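J.: Take a look at the following structure, please.
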Amino acid sequence: LANRLFHPEDTVVKVGDTTVGGDTVTVMAGPCSVETEEQVIQIAMDVKEAGATILRGGAFKPRSSPYSFQGLGEEGLKLLKKAKEATGLPIVSEAICLDTIELVAEYADIIQIGARNMQNFALLKKAGLTKKPILLKRGLSATIEEWLMAAEYIMAGGNKDVILCERGIRTYETYTRNTLDLSAVPVIKEISHLPIIVDPSHATGKWKMVSPLSKGALAVGADGLMIEVHNDPINALCDGGQSLKPSKFKKLMEELGIYMN
Ligand code: PEP
Ligand code: MN
């Protein structure tokens, strides 16, 4: 179902009044985690002003340590909804388990399946039964074939609205958090019709690398970007080191102008 051989034209996924895939470039931006009402609404207004068309924000967080901030849960989803009401931006938020995917589906316009859950087949099957588009991140050590098979699980359940997200893979290199596999973009474009976006924030773990790799991603044909933005990165509860301040994000969006529209 994900194979271009049987579906030559690009899939365009409808999200509220906007779309992902086809001839446009979509930027999803926002905090790693929803922290407070003021925080998420302020960031939502800032990223919207800069040109983002989808707001990201985690309410259920898949943290490597059980002692790290785990997200606000449903309260976080409620705050995202308020940010959506304030800005009109549709929202993407992660579902980390079978118990909460329906709850996330009630609030979010796109359900994210994170890298750590890319081969959680029970979760993929359930995602296939929901009516919301799914943002499927590439697993930490997943081959492109395994990634597309994960998409296939979702599509086989009846949900054809899958957006792929390259977010870096594990290699021997430790300077960056992961190694961004930009070659995955043209490979996916050749063998699949699904839209693919790139997340340079999680790929590198370093805010300074987000701008150059965003440009690289669009240069190789990505359908969009997912970028972490925080109004106070130093005090962020999660992933501050890779988050852009709103002013830096605005500058990046201006520089990306040549690839947009
Ligand atoms: C995220 O987008 O918040 C996230 C946890 O990303 P990943 O699954 O790519 O690590
Ligand atoms: Mn994050």
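Following the order of the structure tokens, chains are lettered A, B, ..., residues in each are numbered from 1, and ligands are numbered from 1.
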Counting only C-alpha atoms and all ligand atoms, name the residues that have an atom within 9 Å of an atom of ligand 2; the answer should be given as a list in words.
T.: Pro31, Cys32, Ser33, Gly57, Gly58, Lys61, Ser201, His202, Gly205, Glu228, Cys238, Asp239, Gly240, Gln242 and Ser243 of chain A
J.: For ligand 1, return the neighbouring residues as a count of residues only (distance at most 10 Å; only C-alpha atoms and all ligand atoms).
T.: 47
J.: Might you pull out every residue within 10 Å of Lys250 of chain A, with only C-alpha atoms counted and same-chain residues fewer than 6 positions away left off, and present them as number ranges by chain?
T.: A: 46-52, 244, 256
J.: If you run DSSP on this backbone, which residues of segment 5-112 of chain A come out as strand (DSSP E), and could you give them as a list in words?
T.: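 Result set for segment 5-112 of chain A (strand (DSSP E)): Val13, Lys14, Val15, Thr18, Thr19, Val20, Thr26, Val27, Met28, Ala29, Gly30, Ile54, Leu55, Arg56, Ile91, Val92, Ser93, Glu94, Ile110, Ile111 and Gln112 of chain A.
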J.: Check segment 5-234 of chain A with DSSP on the backbone and list each residue it calls helix (DSSP H, G or I), as a PyMOL selection string.
T.: chain A and resi 5-6+37-50+74-87+101-107+115-117+121-129+144-156+184-191+200-204+207-219+233-234
J.: Which of these, A:Thr130, A:Ser68, A:Asn231, A:Gln119, has the shortest distance to Met155 of chain A once you count only C-alpha atoms?
T.: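 Nearest candidate to Met155 of chain A out of A:Thr130, A:Ser68, A:Asn231, A:Gln119: A:Thr130.
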J.: Using only C-alpha atoms, what does the table of segment 158-200 of chain A residues within 10 Å of segment 206-223 of chain A look like, with each row giving the shortest atom pair and its distance in Å to one decimal, sorted by chain and ascending number, as CSV?
T.:
```
residue,atom,partner,partner_atom,distance
A:Ile163,CA,A:Asp223,CA,9.5
A:Leu164,CA,A:Asp223,CA,9.7
A:Cys165,CA,A:Ala222,CA,9.5
A:Glu166,CA,A:Ala222,CA,9.5
A:Tyr175,CA,A:Lys206,CA,9.6
A:Thr176,CA,A:Lys206,CA,7.2
A:Arg177,CA,A:Lys206,CA,7.9
A:Leu180,CA,A:Leu213,CA,8.4
A:Asp181,CA,A:Ala217,CA,9.6
A:Leu182,CA,A:Ala217,CA,6.5
A:Ser183,CA,A:Val220,CA,8.0
A:Ala184,CA,A:Val220,CA,9.5
A:Val185,CA,A:Ala222,CA,6.1
A:Pro186,CA,A:Val220,CA,6.7
A:Ile188,CA,A:Ala222,CA,9.7
A:Lys189,CA,A:Gly221,CA,8.2
A:Leu194,CA,A:Asp223,CA,9.7
A:Pro195,CA,A:Asp223,CA,6.1
A:Ile196,CA,A:Asp223,CA,5.5
A:Ile197,CA,A:Asp223,CA,5.2
A:Val198,CA,A:Ala217,CA,6.4
A:Asp199,CA,A:Ser214,CA,8.0
A:Pro200,CA,A:Val210,CA,5.3
```
J.: Convert the current residue selection to file output with C-alpha atoms, as an mmCIF file, in the first residue's frame.
T.:
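As written to disk, result.cif reads:
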```cif
data_model
loop_
_atom_site.group_PDB
_atom_site.id
_atom_site.type_symbol
_atom_site.label_atom_id
_atom_site.label_comp_id
_atom_site.auth_asym_id
_atom_site.auth_seq_id
_atom_site.Cartn_x
_atom_site.Cartn_y
_atom_site.Cartn_z
ATOM 1 C CA ILE A 163 3.318 10.997 6.908
ATOM 2 C CA LEU A 164 6.880 9.712 7.342
ATOM 3 C CA CYS A 165 9.406 11.612 9.450
ATOM 4 C CA GLU A 166 13.168 11.082 9.198
ATOM 5 C CA TYR A 175 28.974 14.347 18.181
ATOM 6 C CA THR A 176 25.349 14.685 17.193
ATOM 7 C CA ARG A 177 22.527 12.951 19.058
ATOM 8 C CA LEU A 180 20.482 12.587 10.003
ATOM 9 C CA ASP A 181 20.007 10.297 7.027
ATOM 10 C CA LEU A 182 19.116 12.824 4.354
ATOM 11 C CA SER A 183 19.514 10.164 1.690
ATOM 12 C CA ALA A 184 16.328 8.590 3.067
ATOM 13 C CA VAL A 185 14.366 11.449 1.488
ATOM 14 C CA PRO A 186 15.125 10.719 -2.188
ATOM 15 C CA ILE A 188 11.439 7.302 -0.021
ATOM 16 C CA LYS A 189 10.430 9.597 -2.875
ATOM 17 C CA LEU A 194 3.884 8.909 1.092
ATOM 18 C CA PRO A 195 4.939 12.405 2.164
ATOM 19 C CA ILE A 196 8.203 12.628 4.098
ATOM 20 C CA ILE A 197 9.281 15.381 6.455
ATOM 21 C CA VAL A 198 12.564 15.831 8.335
ATOM 22 C CA ASP A 199 13.125 16.568 12.040
ATOM 23 C CA PRO A 200 16.579 18.161 12.353
#
```
J.: Pick the closest to His230 of chain A from A:Ala150, A:Leu1, A:Val34, A:Val27: which is it, counting only C-alpha atoms?
T.: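 Looking only at the distances to His230 of chain A, the closest residue turns out to be A:Val34.
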